[in-house]
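Raw upload-v9.txt, compact mmCIF, C-alpha atoms:
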```txt
# COMPACT_ATOMS: atom_id res chain seq x y z
CA MET X 24 0.00 0.00 0.00
CA PRO X 25 1.50 3.37 -0.97
CA ALA X 26 2.36 5.80 1.83
CA SER X 27 -0.30 8.30 0.70
CA LYS X 28 -3.08 5.72 1.11
CA VAL X 29 -1.79 4.78 4.57
CA TRP X 30 -1.69 8.45 5.48
CA VAL X 31 -5.31 9.05 4.26
CA THR X 32 -6.54 5.90 6.01
CA GLY X 33 -4.86 7.01 9.24
CA LEU X 34 -6.42 10.46 9.04
CA THR X 35 -9.87 8.98 8.33
CA VAL X 36 -9.67 6.57 11.28
CA GLY X 37 -8.46 9.41 13.53
CA ALA X 38 -11.31 11.69 12.44
CA ILE X 39 -13.92 8.97 13.06
CA ALA X 40 -12.47 8.32 16.53
CA ALA X 41 -12.53 12.06 17.34
CA VAL X 42 -16.17 12.37 16.25
CA ALA X 43 -17.11 9.32 18.34
CA VAL X 44 -15.42 10.80 21.44
CA LEU X 45 -17.18 14.16 20.92
CA ALA X 46 -20.55 12.42 20.45
CA VAL X 47 -20.15 10.52 23.73
CA GLN X 48 -19.19 13.73 25.55
CA ALA X 49 -22.14 15.62 24.08
CA ASP X 50 -24.54 12.87 25.14
CA LYS X 51 -23.39 13.30 28.76
CA GLY X 52 -24.07 17.06 28.78
CA PRO X 53 -27.28 18.92 29.68
CA LYS X 54 -30.23 18.45 27.35
CA PRO X 55 -32.35 21.38 26.11
CA HIS X 56 -35.95 21.51 27.24
CA ALA X 57 -38.70 23.19 25.27
CA VAL X 58 -40.39 25.92 27.26
CA ALA X 59 -43.41 27.78 25.99
CA SER X 60 -45.50 30.40 27.70
CA ARG X 61 -49.25 30.79 27.68
CA PRO X 62 -50.54 33.40 25.25
CA GLY X 63 -51.45 36.79 26.67
CA ALA X 64 -54.65 38.69 25.95
CA SER X 65 -53.26 40.15 22.73
CA ALA X 66 -52.27 36.73 21.40
CA SER X 67 -55.61 35.15 22.23
CA ALA X 68 -57.43 37.95 20.42
CA SER X 69 -55.80 37.07 17.09
CA ALA X 70 -57.72 35.25 14.36
CA HIS X 71 -55.80 32.02 14.87
CA PRO X 72 -54.44 31.77 18.43
CA LYS X 73 -52.14 28.84 19.05
CA PRO X 74 -52.61 26.88 22.26
CA THR X 75 -49.37 26.37 24.11
CA ARG X 76 -48.16 24.23 26.94
CA SER X 77 -46.80 26.02 29.98
CA ALA X 78 -43.42 25.01 31.41
CA ALA X 79 -45.03 23.87 34.66
CA PRO X 80 -48.59 22.60 34.27
CA ALA X 81 -51.18 24.46 36.28
CA ALA X 82 -52.68 22.62 39.21
CA VAL X 83 -55.97 20.81 38.66
CA PRO X 84 -58.71 23.33 39.56
CA ASP X 85 -60.30 23.08 42.99
CA HIS X 86 -63.90 21.87 43.10
CA SER X 87 -63.46 19.78 39.93
CA GLY X 88 -64.29 16.51 41.63
CA THR X 89 -62.11 13.55 42.47
CA GLY X 90 -60.89 10.45 40.70
CA ARG X 91 -60.30 9.79 37.03
CA ARG X 92 -61.82 12.62 34.96
CA ILE X 93 -61.43 15.24 32.27
CA VAL X 94 -61.44 18.79 33.67
CA TYR X 95 -62.23 21.70 31.34
CA SER X 96 -61.77 25.28 32.58
CA LEU X 97 -63.87 27.74 30.59
CA GLY X 98 -61.91 30.79 31.79
CA ARG X 99 -58.45 29.31 31.35
CA ARG X 100 -59.33 27.52 28.10
CA THR X 101 -57.41 24.56 29.47
CA VAL X 102 -58.05 20.82 29.82
CA TRP X 103 -56.56 18.42 32.36
CA LEU X 104 -56.64 14.64 31.96
CA VAL X 105 -56.68 13.52 35.59
CA ASP X 106 -55.92 9.96 36.71
CA ALA X 107 -57.54 7.99 39.54
CA SER X 108 -55.00 9.37 42.07
CA ASP X 109 -56.08 12.96 41.20
CA ALA X 110 -52.79 13.69 39.40
CA ALA X 111 -52.87 15.52 36.07
CA ARG X 112 -51.49 13.15 33.42
CA ARG X 113 -51.69 15.78 30.67
CA THR X 114 -52.60 19.49 30.57
CA PHE X 115 -53.15 21.51 27.42
CA ALA X 116 -54.75 24.67 26.07
CA VAL X 117 -57.82 24.51 23.81
CA TRP X 118 -59.84 26.68 21.42
CA PRO X 119 -63.50 26.76 22.53
CA GLY X 120 -66.42 26.91 20.10
CA THR X 121 -69.10 29.61 20.13
CA VAL X 122 -71.39 27.54 22.40
CA SER X 123 -69.91 26.59 25.78
CA PRO X 124 -71.18 24.00 28.25
CA GLU X 125 -72.51 25.17 31.60
CA PRO X 126 -70.21 24.48 34.57
CA GLY X 127 -71.08 21.09 36.01
CA THR X 128 -70.35 17.38 35.77
CA TYR X 129 -71.03 15.38 32.62
CA THR X 130 -70.19 11.96 31.24
CA VAL X 131 -68.58 11.08 27.91
CA GLY X 132 -71.33 9.55 25.81
CA THR X 133 -70.57 8.75 22.22
CA ARG X 134 -67.30 9.12 20.39
CA ALA X 135 -66.37 9.29 16.73
CA GLU X 136 -62.85 8.66 15.56
CA GLY X 137 -63.48 10.53 12.30
CA PRO X 138 -62.63 12.11 10.12
CA ILE X 139 -65.96 13.93 9.83
CA THR X 140 -66.84 17.50 8.91
CA GLY X 141 -67.49 19.74 11.92
CA SER X 142 -70.23 22.37 12.05
CA ASP X 143 -67.65 24.96 10.95
CA GLY X 144 -66.84 22.97 7.80
CA VAL X 145 -63.44 21.74 9.03
CA LYS X 146 -62.48 18.03 8.90
CA ILE X 147 -62.12 16.84 12.50
CA GLU X 148 -61.17 13.62 14.31
CA HIS X 149 -60.96 12.18 17.83
CA ILE X 150 -64.42 13.52 18.72
CA VAL X 151 -65.43 12.98 22.35
CA TYR X 152 -69.04 14.12 22.94
CA PHE X 153 -70.25 14.94 26.45
CA THR X 154 -73.33 17.21 26.28
CA VAL X 155 -75.67 19.31 24.10
CA ARG X 156 -76.45 22.98 24.65
CA SER X 157 -78.63 25.29 22.57
CA GLY X 158 -78.90 22.56 19.94
CA ALA X 159 -75.13 22.26 19.53
CA ASN X 160 -73.23 19.08 20.38
CA ILE X 161 -70.43 19.91 22.80
CA ALA X 162 -67.36 17.76 22.16
CA PHE X 163 -63.58 17.75 22.30
CA SER X 164 -61.87 17.26 18.91
CA ASN X 165 -58.93 18.23 16.76
CA ALA X 166 -58.74 19.38 13.15
CA VAL X 167 -57.29 16.67 10.91
CA ASP X 168 -54.86 19.21 9.42
CA GLY X 169 -53.91 20.55 12.88
CA SER X 170 -55.35 24.02 12.22
CA SER X 171 -57.08 26.24 14.74
CA PRO X 172 -60.75 27.07 14.17
CA PRO X 173 -61.48 30.09 11.98
CA PRO X 174 -63.16 33.11 13.60
CA ALA X 175 -66.85 32.50 14.37
CA SER X 176 -69.07 33.09 11.35
CA GLY X 177 -72.38 33.18 13.20
CA THR X 178 -72.77 29.38 13.13
CA PRO X 179 -73.19 27.89 16.61
CA THR X 180 -70.26 25.53 17.19
CA GLY X 181 -69.76 23.35 20.24
CA GLY X 182 -66.39 21.94 19.28
CA ILE X 183 -63.60 22.40 21.81
CA ARG X 184 -60.54 22.08 19.59
CA MET X 185 -57.02 21.10 20.50
CA ARG X 186 -53.72 20.22 18.86
CA THR X 187 -53.56 16.88 17.05
CA ALA X 188 -51.36 15.19 19.68
CA ASP X 189 -53.67 16.40 22.46
CA GLY X 190 -56.67 15.13 20.47
CA ALA X 191 -55.09 11.68 20.26
CA ALA X 192 -54.43 11.73 24.02
CA MET X 193 -58.03 12.83 24.68
CA TRP X 194 -59.32 10.01 22.45
CA THR X 195 -57.33 7.43 24.40
CA PHE X 196 -58.28 8.86 27.81
CA GLY X 197 -61.90 9.94 27.21
CA THR X 198 -63.63 6.60 26.80
CA ALA X 199 -67.43 6.28 27.12
CA GLY X 200 -68.47 6.83 30.74
CA THR X 201 -65.48 9.03 31.67
CA LYS X 202 -66.48 11.98 33.90
CA VAL X 203 -66.08 15.50 32.49
CA ALA X 204 -65.96 18.35 35.01
CA VAL X 205 -66.54 21.81 33.52
CA VAL X 206 -65.41 24.64 35.79
CA LYS X 207 -65.37 28.42 35.41
```
What do you get writing this file as structure tokens?
Amino acid sequence: MPASKVWVTGLTVGAIAAVAVLAVQADKGPKPHAVASRPGASASASAHPKPTRSAAPAAVPDHSGTGRRIVYSLGRRTVWLVDASDAARRTFAVWPGTVSPEPGTYTVGTRAEGPITGSDGVKIEHIVYFTVRSGANIAFSNAVDGSSPPPASGTPTGGIRMRTADGAAMWTFGTAGTKVAVVK
């Protein structure tokens, strides 16, 4: 083997070893964590507000019951999926429809995996129905394309929309018979 090939092979092996050492060192270092803040009043007034997760989930609201349940806060526009030990397993922001449920306790009735067309004309999935108010079905769902609902066009809508990943989590958690606590 000519000396130039030996030299190139040696450099290549050395470079691979150096990259491997740096990769191991980088893996031992601190990992970045995504941190997002909740939108302020100006952000929530936009045509397409984006729900965000807070760095530290808010505590499950007082007076929302006990045991395994879905808690929906009208004022905070937030949902908690609460396990049997009263610990929040998942917390996320939502976009409410134009028709809101009254505060109280409900039960998940029917569900539809979708996709179907919502009352606002958007394709939705992971639909978890829990009550009817003013002729509108009130249900949790997510848009198939992940979009937020458009501004209200005068059509009564009872869909409480969420991000796609949150919709999938709601679908798994919110089986028929699951309690839904709606709080102010």
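Excluding X:Gly127 and any residue on its chain fewer than 2 positions from it, the residues at most 7 Å away by all atoms listed in the file are Glu125, Tyr129, Ala204, Val205 and Val206 of chain X.
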Quick one: contact table of stretch 109-130 of chain X to stretch 163-170 of chain X, 12 Å max, nearest atom pair and distance in Å to one decimal per residue, counting only C-alpha atoms, chain and number order, as JSON lines?
```
{"residue": "X:Ala116", "atom": "CA", "partner": "X:Phe163", "partner_atom": "CA", "distance": 11.8}
{"residue": "X:Val117", "atom": "CA", "partner": "X:Phe163", "partner_atom": "CA", "distance": 9.0}
{"residue": "X:Trp118", "atom": "CA", "partner": "X:Asn165", "partner_atom": "CA", "distance": 9.7}
{"residue": "X:Pro119", "atom": "CA", "partner": "X:Phe163", "partner_atom": "CA", "distance": 9.0}
{"residue": "X:Gly120", "atom": "CA", "partner": "X:Phe163", "partner_atom": "CA", "distance": 9.8}
{"residue": "X:Ser123", "atom": "CA", "partner": "X:Phe163", "partner_atom": "CA", "distance": 11.4}
{"residue": "X:Pro124", "atom": "CA", "partner": "X:Phe163", "partner_atom": "CA", "distance": 11.5}
```
Would you output that residue set with C-alpha atoms, as a PDB file, keeping the file's coordinate frame?
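Dumped everything to again19.pdb:
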```pdb
ATOM      1  CA  ALA X 116     -54.750  24.670  26.070  1.00  0.00           C
ATOM      2  CA  VAL X 117     -57.820  24.510  23.810  1.00  0.00           C
ATOM      3  CA  TRP X 118     -59.840  26.680  21.420  1.00  0.00           C
ATOM      4  CA  PRO X 119     -63.500  26.760  22.530  1.00  0.00           C
ATOM      5  CA  GLY X 120     -66.420  26.910  20.100  1.00  0.00           C
ATOM      6  CA  SER X 123     -69.910  26.590  25.780  1.00  0.00           C
ATOM      7  CA  PRO X 124     -71.180  24.000  28.250  1.00  0.00           C
TER       8      PRO X 124
END
```
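With only C-alpha atoms as the atoms that count, the residue of X:Ile161, X:Pro179, X:Ala111, X:Thr201 with the shortest distance to X:Gly144 is X:Pro179.
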Surrounding residues of X:Ser157 excluding itself and chain neighbours under 2 positions, 8 Å, all atoms listed in the file, as a PyMOL selection string
chain X and resi 122+155+159
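Neighbours of X:Lys202 closer than or equal to 9 Å, with all atoms listed in the file counted and sequence neighbours fewer than 3 positions away skipped, come out as Gly90, Arg91, Arg92, Ile93, Val94, Thr128, Tyr129, Thr130, Val131, Phe153, Gly197 and Ala199 of chain X.
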Store the residues picked out above in a file with C-alpha atoms, as a tab-separated table (two decimals), in the frame of the given file.
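Below you can see selection-v3.tsv, which holds the result:
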```
chain	number	residue	atom	x	y	z
X	90	GLY	CA	-60.89	10.45	40.70
X	91	ARG	CA	-60.30	9.79	37.03
X	92	ARG	CA	-61.82	12.62	34.96
X	93	ILE	CA	-61.43	15.24	32.27
X	94	VAL	CA	-61.44	18.79	33.67
X	128	THR	CA	-70.35	17.38	35.77
X	129	TYR	CA	-71.03	15.38	32.62
X	130	THR	CA	-70.19	11.96	31.24
X	131	VAL	CA	-68.58	11.08	27.91
X	153	PHE	CA	-70.25	14.94	26.45
X	197	GLY	CA	-61.90	9.94	27.21
X	199	ALA	CA	-67.43	6.28	27.12
```
Contact residues around X:Val83 with all atoms listed in the file at 9 Å, ignoring same-chain residues under 4 positions, as a list in words:
Ser87, Val94, Trp103, Val105, Asp109, Ala110, Ala111 and Thr114 of chain X
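Here atom CA of X:Val203 and atom CA of X:Gly158 stand 19.3 Å from one another.
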